[in-house]
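Chemist: query_33.txt (compact mmCIF, C-alpha atoms) pasted underneath:
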```txt
# COMPACT_ATOMS: atom_id res chain seq x y z
CA MET A 1 -68.16 230.03 -56.89
CA SER A 2 -66.53 226.60 -57.04
CA PHE A 3 -68.75 223.54 -57.18
CA PHE A 4 -66.15 221.63 -55.11
CA ILE A 5 -66.53 221.40 -51.34
CA ASN A 6 -63.01 220.61 -50.14
CA LYS A 7 -62.22 218.70 -46.99
CA GLY A 8 -58.49 218.79 -47.50
CA ASN A 9 -57.84 219.54 -43.81
CA GLN A 10 -59.51 216.30 -42.78
CA VAL A 11 -57.35 214.28 -45.13
CA SER A 12 -54.15 216.11 -44.27
CA ASN A 13 -54.87 215.75 -40.55
CA SER A 14 -55.41 212.03 -40.93
CA LYS A 15 -52.19 211.75 -42.96
CA ASN A 16 -50.28 213.73 -40.32
CA SER A 17 -51.58 211.52 -37.52
CA ILE A 18 -50.57 208.40 -39.47
CA GLN A 19 -47.11 209.86 -40.10
CA ARG A 20 -46.74 210.76 -36.40
CA GLY A 21 -47.78 207.23 -35.47
CA LYS A 22 -45.24 205.74 -37.89
CA LYS A 23 -42.54 208.05 -36.49
CA ARG A 24 -43.27 207.01 -32.89
CA LYS A 25 -43.26 203.36 -33.95
CA HIS A 26 -39.97 203.79 -35.82
CA GLU A 27 -38.35 205.48 -32.79
CA SER A 28 -39.52 202.79 -30.36
CA GLU A 29 -38.28 200.01 -32.64
CA HIS A 30 -34.75 201.42 -32.85
CA GLU A 31 -34.24 202.57 -29.28
CA GLU A 32 -32.30 199.37 -28.54
CA VAL A 33 -30.74 196.85 -30.90
CA THR A 34 -29.92 193.36 -29.62
CA SER A 35 -27.52 190.90 -31.20
CA SER A 36 -30.37 188.99 -32.83
CA GLU A 37 -31.29 192.16 -34.70
CA ASP A 38 -27.81 192.77 -36.21
CA GLU A 39 -28.61 190.93 -39.41
CA ASP A 40 -31.82 192.89 -39.91
CA MET A 41 -30.03 196.17 -39.31
CA GLU A 42 -27.36 195.22 -41.86
CA TYR A 43 -30.11 194.70 -44.44
CA TYR A 44 -31.62 198.03 -43.40
CA ASP A 45 -28.26 199.76 -44.02
CA ASP A 46 -28.01 198.12 -47.48
CA ALA A 47 -31.48 199.41 -48.32
CA ASN A 48 -30.44 202.88 -47.22
CA SER A 49 -27.30 202.73 -49.34
CA ASN A 50 -29.40 201.70 -52.37
CA SER A 51 -31.81 204.55 -51.78
CA SER A 52 -28.91 206.96 -51.46
CA ASP A 53 -27.50 205.65 -54.76
CA ASN A 54 -30.88 206.35 -56.35
CA GLU A 55 -30.86 209.85 -54.93
CA ASN A 56 -27.49 210.55 -56.58
CA GLU A 57 -28.58 209.37 -60.03
CA THR A 58 -29.34 211.92 -62.73
CA ALA A 59 -32.78 212.47 -64.21
CA GLN A 60 -31.74 210.59 -67.36
CA GLU A 61 -30.42 207.63 -65.33
CA LYS A 62 -33.66 207.52 -63.37
CA LYS A 63 -35.70 207.42 -66.59
CA VAL A 64 -33.58 204.54 -67.90
CA ARG A 65 -33.91 202.61 -64.63
CA LEU A 66 -37.69 203.03 -64.50
CA ALA A 67 -38.01 202.10 -68.18
CA LYS A 68 -36.08 198.87 -67.56
CA LEU A 69 -38.35 198.02 -64.61
CA TYR A 70 -41.41 198.73 -66.75
CA LEU A 71 -40.15 196.47 -69.56
CA GLU A 72 -39.40 193.68 -67.08
CA GLU A 73 -42.93 193.94 -65.67
CA ILE A 74 -44.51 193.84 -69.14
CA GLU A 75 -42.39 190.83 -70.13
CA LYS A 76 -43.43 189.05 -66.94
CA GLU A 77 -47.14 189.76 -67.56
CA GLU A 78 -46.92 188.57 -71.17
CA ARG A 79 -45.12 185.36 -70.16
CA ILE A 80 -47.96 184.61 -67.74
CA ARG A 81 -50.62 185.50 -70.30
CA LEU A 82 -49.08 183.42 -73.10
CA GLU A 83 -47.87 180.67 -70.75
CA LYS A 84 -44.38 180.75 -72.29
CA ASP A 85 -40.89 180.95 -70.82
CA GLU A 86 -39.77 183.49 -73.41
CA VAL A 87 -41.72 186.19 -75.22
CA ASP A 88 -40.98 187.51 -78.70
CA GLN A 89 -39.95 191.18 -78.87
CA THR A 90 -42.76 191.96 -81.31
CA VAL A 91 -45.29 191.04 -78.58
CA ILE A 92 -43.64 193.45 -76.16
CA SER A 93 -43.48 196.20 -78.83
CA LYS A 94 -47.17 195.76 -79.55
CA ARG A 95 -47.97 195.91 -75.84
CA LEU A 96 -45.91 199.09 -75.40
CA LYS A 97 -47.68 200.78 -78.28
CA GLU A 98 -51.08 199.71 -76.94
CA ASP A 99 -50.26 201.01 -73.44
CA TYR A 100 -49.13 204.36 -74.85
CA LEU A 101 -52.28 204.79 -76.93
CA LYS A 102 -54.44 203.72 -73.98
CA GLU A 103 -52.79 206.28 -71.71
CA THR A 104 -53.24 209.11 -74.23
CA GLY A 105 -56.85 208.09 -74.98
CA LYS A 106 -56.09 207.33 -78.64
CA LEU A 107 -56.34 203.53 -78.54
CA ARG A 108 -58.95 202.25 -81.01
CA ILE A 109 -59.24 198.50 -81.47
CA ASN A 110 -61.66 197.34 -84.16
CA LEU A 111 -63.23 194.21 -82.71
CA ALA A 112 -66.95 194.35 -83.50
CA ASP A 113 -66.61 192.57 -86.86
CA LYS A 114 -65.04 189.55 -85.11
CA TYR A 115 -68.19 188.83 -83.10
CA LYS A 116 -70.00 186.39 -85.37
CA SER A 117 -72.33 184.41 -83.10
CA VAL A 118 -73.07 183.19 -79.59
CA LEU A 119 -71.93 179.76 -78.41
CA SER A 120 -75.45 178.88 -77.22
CA LYS A 121 -74.56 175.46 -75.81
CA GLU A 122 -71.87 176.99 -73.59
CA ILE A 123 -74.06 179.66 -71.93
CA ARG A 124 -73.88 179.28 -68.14
CA THR A 125 -76.38 180.48 -65.53
CA LEU A 126 -75.43 181.84 -62.10
CA LYS A 127 -78.05 182.08 -59.37
CA CYS A 128 -78.24 181.69 -55.60
CA LYS A 129 -81.24 180.84 -53.41
CA LYS A 130 -80.19 183.51 -50.91
CA GLN A 131 -81.04 186.18 -53.49
CA ARG A 132 -84.80 185.91 -53.92
CA SER A 133 -85.40 189.53 -54.90
CA CYS A 134 -84.38 191.59 -57.92
CA LEU A 135 -80.67 191.59 -58.85
CA THR A 136 -79.59 195.23 -59.01
CA CYS A 137 -75.83 195.38 -59.61
CA MET A 138 -72.68 193.37 -60.27
CA CYS A 139 -68.93 193.91 -60.66
CA LEU A 140 -66.14 191.78 -62.07
CA SER A 141 -62.52 191.50 -60.92
CA SER A 142 -59.93 192.64 -63.48
CA ASP A 143 -58.55 189.09 -63.79
CA ASN A 144 -62.00 187.69 -64.75
CA GLN A 145 -61.85 185.22 -61.86
CA VAL A 146 -64.49 186.55 -59.46
CA LEU A 147 -67.92 188.12 -59.87
CA PHE A 148 -69.95 189.93 -57.19
CA CYS A 149 -73.72 190.47 -57.43
CA GLY A 150 -76.03 192.51 -55.20
CA SER A 151 -79.80 192.37 -54.76
CA LYS A 152 -82.78 194.16 -53.25
CA ASP A 153 -82.88 191.73 -50.34
CA GLY A 154 -79.55 193.12 -49.08
CA VAL A 155 -77.36 190.15 -50.04
CA VAL A 156 -74.07 190.17 -51.99
CA ILE A 157 -73.02 186.87 -53.61
CA LYS A 158 -69.46 186.05 -54.67
CA TYR A 159 -69.13 183.70 -57.67
CA CYS A 160 -66.11 181.94 -59.16
CA LEU A 161 -66.16 182.28 -62.95
CA LYS A 162 -63.99 179.17 -63.41
CA THR A 163 -66.25 176.75 -61.55
CA PHE A 164 -69.46 178.85 -61.88
CA LYS A 165 -70.18 178.23 -58.21
CA THR A 166 -70.97 180.41 -55.19
CA ILE A 167 -67.83 180.89 -53.10
CA GLY A 168 -68.95 183.56 -50.61
CA VAL A 169 -71.89 185.51 -49.21
CA ILE A 170 -72.24 188.89 -47.49
CA PRO A 171 -75.68 188.45 -45.86
CA PHE A 172 -78.57 190.71 -44.95
CA VAL A 173 -78.68 191.57 -41.24
CA ARG A 174 -81.54 193.23 -39.38
CA SER A 175 -79.56 195.04 -36.68
CA ILE A 176 -77.13 197.93 -37.20
CA LYS A 177 -74.96 196.32 -34.50
CA GLU A 178 -74.35 193.45 -36.93
CA GLN A 179 -73.34 195.74 -39.80
CA THR A 180 -69.77 194.42 -39.80
CA THR A 181 -71.13 191.03 -40.87
CA GLY A 182 -73.67 192.15 -43.48
CA HIS A 183 -75.95 194.90 -44.85
CA THR A 184 -79.15 196.29 -43.38
CA SER A 185 -80.90 197.47 -46.57
CA GLU A 186 -81.18 197.02 -50.35
CA ILE A 187 -77.92 196.86 -52.32
CA LEU A 188 -78.02 199.26 -55.29
CA SER A 189 -74.39 199.56 -56.46
CA LEU A 190 -71.08 197.67 -56.44
CA ALA A 191 -67.49 198.39 -57.50
CA ILE A 192 -64.15 196.63 -57.10
CA SER A 193 -60.69 198.22 -57.33
CA THR A 194 -58.38 197.21 -60.19
CA ASP A 195 -56.05 195.33 -57.83
CA SER A 196 -59.00 193.59 -56.09
CA MET A 197 -58.02 195.06 -52.74
CA PHE A 198 -61.34 196.78 -52.01
CA LEU A 199 -64.99 195.92 -52.71
CA ALA A 200 -67.35 198.88 -52.33
CA VAL A 201 -71.06 198.28 -51.70
CA GLY A 202 -73.64 201.09 -51.82
CA ASP A 203 -77.03 200.67 -50.15
CA LYS A 204 -80.43 202.34 -50.01
CA LEU A 205 -79.69 204.05 -46.66
CA GLY A 206 -76.78 206.07 -48.10
CA ASN A 207 -73.91 203.98 -46.70
CA VAL A 208 -70.85 202.88 -48.66
CA ASN A 209 -69.46 199.76 -47.01
CA ILE A 210 -65.91 198.66 -47.86
CA TRP A 211 -65.09 194.94 -47.74
CA ASP A 212 -62.05 192.77 -48.39
CA PRO A 213 -63.01 190.90 -51.61
CA CYS A 214 -60.93 187.83 -50.67
CA SER A 215 -61.94 187.24 -47.05
CA LEU A 216 -65.25 189.19 -47.21
CA LYS A 217 -64.32 190.90 -43.95
CA HIS A 218 -65.70 194.35 -43.24
CA VAL A 219 -63.13 197.17 -43.54
CA LYS A 220 -64.99 200.47 -43.17
CA ASN A 221 -68.38 202.14 -43.39
CA LEU A 222 -68.10 205.44 -45.29
CA MET A 223 -70.90 207.82 -44.34
CA GLY A 224 -71.71 211.21 -45.83
CA HIS A 225 -74.44 210.77 -48.42
CA LYS A 226 -77.95 211.62 -47.28
CA ASN A 227 -79.81 209.22 -49.58
CA SER A 228 -79.47 206.01 -51.64
CA ILE A 229 -76.11 205.25 -53.30
CA LEU A 230 -77.01 204.74 -56.97
CA GLY A 231 -73.51 204.35 -58.44
CA LEU A 232 -69.91 203.56 -57.50
CA THR A 233 -66.71 203.52 -59.56
CA PHE A 234 -62.96 203.33 -58.96
CA LYS A 235 -60.38 205.30 -60.89
CA LYS A 236 -58.40 202.59 -62.71
CA GLU A 237 -55.11 201.48 -61.15
CA SER A 238 -55.82 203.48 -57.99
CA HIS A 239 -57.76 203.49 -54.73
CA THR A 240 -59.64 206.71 -55.51
CA MET A 241 -63.37 205.99 -55.46
CA PHE A 242 -66.35 208.05 -56.66
CA SER A 243 -69.92 207.63 -55.42
CA CYS A 244 -73.16 209.16 -56.66
CA SER A 245 -76.43 209.40 -54.81
CA LYS A 246 -80.08 210.28 -54.85
CA ASP A 247 -79.06 213.33 -52.77
CA LYS A 248 -77.89 215.05 -56.02
CA SER A 249 -74.18 214.88 -55.19
CA VAL A 250 -71.00 213.07 -56.23
CA LYS A 251 -68.39 212.34 -53.55
CA VAL A 252 -64.68 211.53 -53.85
CA TRP A 253 -63.03 209.10 -51.41
CA ASP A 254 -59.43 208.03 -50.76
CA LEU A 255 -59.47 204.38 -49.67
CA ASP A 256 -55.76 204.32 -48.82
CA GLU A 257 -56.66 206.67 -45.96
CA MET A 258 -60.31 205.54 -45.73
CA ALA A 259 -61.13 209.24 -45.88
CA TYR A 260 -63.64 211.55 -47.50
CA VAL A 261 -61.95 214.01 -49.90
CA GLU A 262 -64.56 216.31 -51.47
CA THR A 263 -68.10 216.70 -52.80
CA LEU A 264 -69.04 217.69 -56.35
CA PHE A 265 -72.24 219.71 -56.56
CA GLY A 266 -74.13 220.80 -59.69
CA HIS A 267 -76.67 218.13 -60.62
CA GLN A 268 -80.28 219.26 -60.37
CA GLY A 269 -81.70 215.78 -59.66
CA PRO A 270 -80.71 212.39 -58.27
CA VAL A 271 -77.36 211.27 -59.72
CA MET A 272 -78.31 208.00 -61.40
CA SER A 273 -75.00 206.70 -62.79
CA ILE A 274 -71.26 207.37 -62.73
CA ASP A 275 -68.13 206.07 -64.47
CA SER A 276 -64.38 206.75 -64.69
CA LEU A 277 -61.20 205.38 -66.31
CA ASN A 278 -57.52 206.21 -65.73
CA LYS A 279 -57.63 210.00 -65.80
CA ASP A 280 -59.03 212.29 -63.10
CA ARG A 281 -62.29 212.60 -65.01
CA VAL A 282 -65.73 211.42 -63.98
CA VAL A 283 -68.89 211.35 -66.10
CA SER A 284 -72.22 211.32 -64.27
CA SER A 285 -75.90 211.66 -65.08
CA GLY A 286 -78.36 213.51 -62.87
CA CYS A 287 -81.73 212.64 -64.41
CA HIS A 288 -81.98 215.32 -67.13
CA ASP A 289 -78.44 216.74 -66.94
CA LEU A 290 -75.18 215.11 -67.99
CA ARG A 291 -71.83 216.31 -66.62
CA LEU A 292 -68.13 215.60 -67.02
CA TRP A 293 -66.07 216.52 -63.98
CA LYS A 294 -62.38 217.40 -64.39
CA ILE A 295 -61.22 216.81 -60.84
CA THR A 296 -57.72 218.36 -60.91
CA GLU A 297 -58.88 221.47 -62.84
CA GLU A 298 -61.99 221.79 -60.61
CA THR A 299 -64.18 222.36 -63.65
CA GLN A 300 -67.20 220.67 -65.17
CA LEU A 301 -68.74 220.39 -68.65
CA ILE A 302 -72.47 220.09 -69.26
CA TYR A 303 -73.89 218.14 -72.25
CA ASN A 304 -77.30 218.21 -73.92
CA GLY A 305 -78.98 215.58 -76.08
CA HIS A 306 -81.53 213.38 -74.30
CA THR A 307 -85.22 214.21 -74.12
CA GLY A 308 -85.84 212.05 -71.01
CA ASN A 309 -84.01 210.90 -67.90
CA ILE A 310 -80.41 209.76 -68.39
CA ASP A 311 -80.07 206.59 -66.32
CA HIS A 312 -76.74 205.13 -67.52
CA VAL A 313 -73.27 206.42 -68.42
CA LYS A 314 -70.23 204.43 -69.56
CA PHE A 315 -66.79 205.44 -70.83
CA ILE A 316 -65.72 203.85 -74.16
CA ASN A 317 -62.20 205.30 -73.91
CA GLN A 318 -60.57 208.39 -72.38
CA GLU A 319 -62.22 210.67 -74.95
CA ASN A 320 -65.64 209.10 -75.63
CA PHE A 321 -68.55 207.83 -73.57
CA LEU A 322 -72.08 206.38 -73.84
CA THR A 323 -75.40 207.37 -72.30
CA ALA A 324 -78.88 205.85 -72.30
CA GLY A 325 -82.20 206.39 -70.56
CA ASP A 326 -85.97 206.19 -70.51
CA ASP A 327 -86.35 208.03 -73.84
CA GLY A 328 -85.09 204.88 -75.62
CA GLN A 329 -81.97 206.62 -76.97
CA ILE A 330 -78.37 205.47 -76.87
CA CYS A 331 -76.02 208.41 -77.41
CA VAL A 332 -72.29 208.40 -78.18
CA TRP A 333 -70.34 211.46 -77.02
CA SER A 334 -66.95 213.10 -77.37
CA ILE A 335 -65.75 215.05 -74.33
CA MET A 336 -64.94 217.90 -76.77
CA ARG A 337 -68.52 218.33 -78.05
CA LYS A 338 -71.65 219.39 -76.19
CA LYS A 339 -73.93 217.37 -78.49
CA PRO A 340 -73.86 213.63 -79.31
CA LEU A 341 -71.66 212.32 -82.11
CA CYS A 342 -74.51 209.95 -82.91
CA SER A 343 -77.85 208.87 -81.43
CA ILE A 344 -79.64 205.54 -81.82
CA GLN A 345 -83.33 206.38 -81.62
CA ALA A 346 -85.68 203.71 -80.17
CA ALA A 347 -82.70 201.36 -79.89
CA HIS A 348 -84.87 198.53 -78.54
CA GLY A 349 -88.03 199.33 -80.49
CA LYS A 350 -91.33 200.70 -79.22
CA ASP A 351 -93.74 199.36 -76.65
CA PRO A 352 -96.87 198.25 -78.56
CA SER A 353 -99.10 199.19 -75.62
CA ASN A 354 -98.31 202.93 -75.79
CA SER A 355 -96.13 203.34 -78.93
CA GLN A 356 -93.35 204.87 -76.81
CA PRO A 357 -89.68 203.85 -77.17
CA ARG A 358 -88.69 201.11 -74.76
CA TRP A 359 -86.62 202.15 -71.79
CA ILE A 360 -82.89 201.33 -72.07
CA THR A 361 -82.19 199.58 -68.77
CA ALA A 362 -78.48 198.76 -69.22
CA ILE A 363 -75.50 199.65 -71.42
CA THR A 364 -71.82 198.75 -71.51
CA ALA A 365 -68.82 199.13 -73.79
CA LEU A 366 -65.74 197.02 -74.37
CA THR A 367 -63.14 199.59 -73.34
CA ASN A 368 -60.99 201.07 -76.14
CA THR A 369 -62.89 199.18 -78.86
CA ASP A 370 -65.81 199.78 -81.24
CA LEU A 371 -68.17 197.33 -79.48
CA VAL A 372 -71.19 198.36 -77.39
CA ALA A 373 -73.99 196.32 -75.77
CA SER A 374 -77.43 197.43 -74.60
CA GLY A 375 -80.35 195.86 -72.76
CA SER A 376 -84.02 196.56 -72.16
CA MET A 377 -87.10 194.40 -71.57
CA ASP A 378 -87.90 193.51 -75.20
CA GLY A 379 -86.36 190.02 -74.94
CA PHE A 380 -83.00 190.88 -76.52
CA VAL A 381 -79.53 192.11 -75.67
CA ARG A 382 -78.19 193.99 -78.69
CA LEU A 383 -74.59 194.45 -79.81
CA TRP A 384 -73.62 197.56 -81.75
CA LYS A 385 -70.62 198.47 -83.87
CA LEU A 386 -69.36 202.06 -83.74
CA SER A 387 -67.74 203.34 -86.93
CA ASP A 388 -66.80 206.52 -88.79
CA SER A 389 -65.02 207.96 -85.70
CA PHE A 390 -68.02 207.01 -83.52
CA LYS A 391 -70.43 209.03 -85.66
CA ARG A 392 -72.32 205.95 -86.76
CA ALA A 393 -73.73 202.91 -84.91
CA THR A 394 -74.88 199.67 -86.54
CA GLU A 395 -76.61 196.72 -84.88
CA ILE A 396 -74.56 193.55 -85.46
CA MET A 397 -76.23 190.97 -83.21
CA LYS A 398 -79.34 190.21 -81.14
CA ILE A 399 -79.14 187.77 -78.21
CA ASN A 400 -82.32 186.24 -76.81
CA VAL A 401 -82.63 187.22 -73.15
CA LYS A 402 -86.06 187.28 -71.48
CA GLY A 403 -86.67 189.62 -68.57
CA VAL A 404 -85.44 193.06 -67.51
CA VAL A 405 -81.71 193.46 -68.16
CA ASN A 406 -80.34 195.46 -65.20
CA VAL A 407 -76.57 195.19 -65.78
CA LEU A 408 -74.22 194.30 -68.65
CA GLU A 409 -70.48 193.69 -68.42
CA PHE A 410 -67.86 192.39 -70.87
CA THR A 411 -65.05 190.25 -69.48
CA ALA A 412 -61.55 191.70 -69.87
CA ASP A 413 -60.51 188.84 -72.18
CA ARG A 414 -63.30 190.02 -74.58
CA GLU A 415 -64.70 186.50 -74.92
CA LYS A 416 -67.85 186.74 -72.77
CA LEU A 417 -70.72 189.03 -71.90
CA LEU A 418 -72.27 188.93 -68.41
CA VAL A 419 -75.98 189.72 -68.33
CA CYS A 420 -77.81 190.39 -65.06
CA VAL A 421 -81.51 189.58 -65.60
CA SER A 422 -84.41 190.14 -63.19
CA GLN A 423 -88.18 190.24 -63.00
CA GLU A 424 -88.21 194.00 -62.45
CA TYR A 425 -86.13 197.15 -62.89
CA LYS A 426 -83.47 197.69 -60.22
CA LEU A 427 -84.86 200.99 -58.90
CA GLY A 428 -88.60 200.26 -58.97
CA ARG A 429 -91.43 197.94 -59.95
CA TRP A 430 -92.74 199.92 -62.91
CA ILE A 431 -91.83 197.02 -65.19
CA THR A 432 -92.32 193.37 -64.18
CA VAL A 433 -91.81 190.08 -66.05
CA LYS A 434 -93.07 187.48 -63.56
CA SER A 435 -92.22 184.46 -65.70
CA VAL A 436 -88.47 185.17 -65.43
CA LYS A 437 -86.10 184.01 -62.68
CA ASN A 438 -83.45 186.37 -61.26
CA LYS A 439 -80.09 185.21 -62.61
CA ILE A 440 -76.80 186.08 -64.28
CA LEU A 441 -76.06 184.72 -67.75
CA VAL A 442 -72.46 184.13 -68.84
CA ILE A 443 -72.65 184.33 -72.64
CA PRO A 444 -69.54 183.26 -74.65
CA PHE A 445 -68.94 184.37 -78.25
CA LYS A 446 -67.53 182.69 -81.31
CA LEU A 447 -64.82 185.05 -82.52
```
Since I need it in another form, could you write the structure as structure tokens?

Modeler:
Amino acid sequence: MSFFINKGNQVSNSKNSIQRGKKRKHESEHEEVTSSEDEDMEYYDDANSNSSDNENETAQEKKVRLAKLYLEEIEKEERIRLEKDEVDQTVISKRLKEDYLKETGKLRINLADKYKSVLSKEIRTLKCKKQRSCLTCMCLSSDNQVLFCGSKDGVVIKYCLKTFKTIGVIPFVRSIKEQTTGHTSEILSLAISTDSMFLAVGDKLGNVNIWDPCSLKHVKNLMGHKNSILGLTFKKESHTMFSCSKDKSVKVWDLDEMAYVETLFGHQGPVMSIDSLNKDRVVSSGCHDLRLWKITEETQLIYNGHTGNIDHVKFINQENFLTAGDDGQICVWSIMRKKPLCSIQAAHGKDPSNSQPRWITAITALTNTDLVASGSMDGFVRLWKLSDSFKRATEIMKINVKGVVNVLEFTADREKLLVCVSQEYKLGRWITVKSVKNKILVIPFKL
């Protein structure tokens, strides 16, 4: 029996209704054409003639045309990045090669050795008085301009990473009637789409609220989960979103249609964490079980390696991913093997009070590189270098950070690490460090 519960009819019905609406609108708009509309109609005819030309082109001509458009787009992006009027062809060739390797999951950039030290005097602190409780989650826009942070008091703060100032707030509201202006419960997960069109916020009541990241206006409340939303992620370069919950399920959503697509069942416990990249693959952890979902094939793979709860998952590239949990292990996996490529035992040492490995409370990876970061409550964030085809991990740096590290995130320019620090763990008060203030640290590196 399939573990997918399909709701294809709902999506197709919504698409059909949208198409019918567009058709009615199109017919009403062209029932009568006045003289003032002649110019617009002439442009419309030109567009039609261009589309008909495209229809008559051969497959080879279409490939050439699309390749030229792709090259123009890359050249434009590189001119903006390098702030130059003209870009050398070697830069474009390097970018093309990198994009190909990234798409096939074979891109491996060796960066860890370049991280020598932290620029301590340039560390910045982000905090807002409206977030008095534990900071639970954060997400960063792909252009490194904007950061969102959620907390247990139901508030989402928007920061500008250029000025390091608060530039927006989605508040806590007590009434469900006011839900379009704020949230009514604890915020436990955040995600932003690659194009910064949608901000998804998961709360303790099982709602996924969609907001416009620019205006902070409410777009939609997606309901379907029966318990707390513990993780959210977008498929890269798309508006497909995945959510995981304490109700033991993973759900797939299409935000172009604002519609529920399907549910993935199989986890035996609360689904604690979820992640995805460009392909239709999702990795998720359900306490003791770890699964990779292949959405298009409607299959799943189950992995074994941890002795405790698996609280965090993170893709390194299309073929490898990380996990960590309360057994103190950090494991590196290949999607082709059911057991870890390597395991870092007691990655953050042992608790002297009970001689047990310290809980790993956060992990992240710099995508398509050999650099990994982990956090706990031992007073350090640790950087690790992966080598020997990810079969070996070596600690390369310790950064002093007091408190419980709930979230870690590298910036896309690879120059900074964002560390979300709180007095307690994001899902409970089993661990508390009362001397610490809830804040986000922006830590720059000397490369």

Chemist: By how many Å are CA of Arg132 (chain A) and CA of Pro270 (chain A) apart?

Modeler: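 Computing the Euclidean distance for CA of Arg132 (chain A) and CA of Pro270 (chain A) yields 27.1 Å.
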
Chemist: I'd like the contact shell of region 137-142 of chain A - 6 Å cut-off, only C-alpha atoms, skipping same-chain residues fewer than 4 positions apart - returned as an MDAnalysis selection string.

Modeler: chainID A and resid 146:150 189:191 194

Chemist: Find the distance between CA of Ser151 (chain A) and CA of Ile187 (chain A) and write it in Å to one decimal.

Modeler: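 So the two atoms, CA of Ser151 (chain A) and CA of Ile187 (chain A), lie 5.4 Å apart.
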
Chemist: Extract, using only C-alpha atoms, all DNA, RNA and protein residues at most 12 Å from Phe445 (chain A), discarding same-chain residues fewer than 4 positions from it, and format them as a count of residues only.

Modeler: 22

Chemist: Rounded to one decimal place, report the CA of Gln318 (chain A)-CA of Glu257 (chain A) distance in Å.

Modeler: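 According to the coordinates, CA of Gln318 (chain A) and CA of Glu257 (chain A) are separated by 26.8 Å.
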
Chemist: Restricting the calculation to all atoms listed in the file, which member of A:Trp211, A:Phe172, A:Tyr303, A:Phe234 is positioned closest to Asp275 (chain A)?

Modeler: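 Closest residue, counting all atoms listed in the file: A:Phe234.
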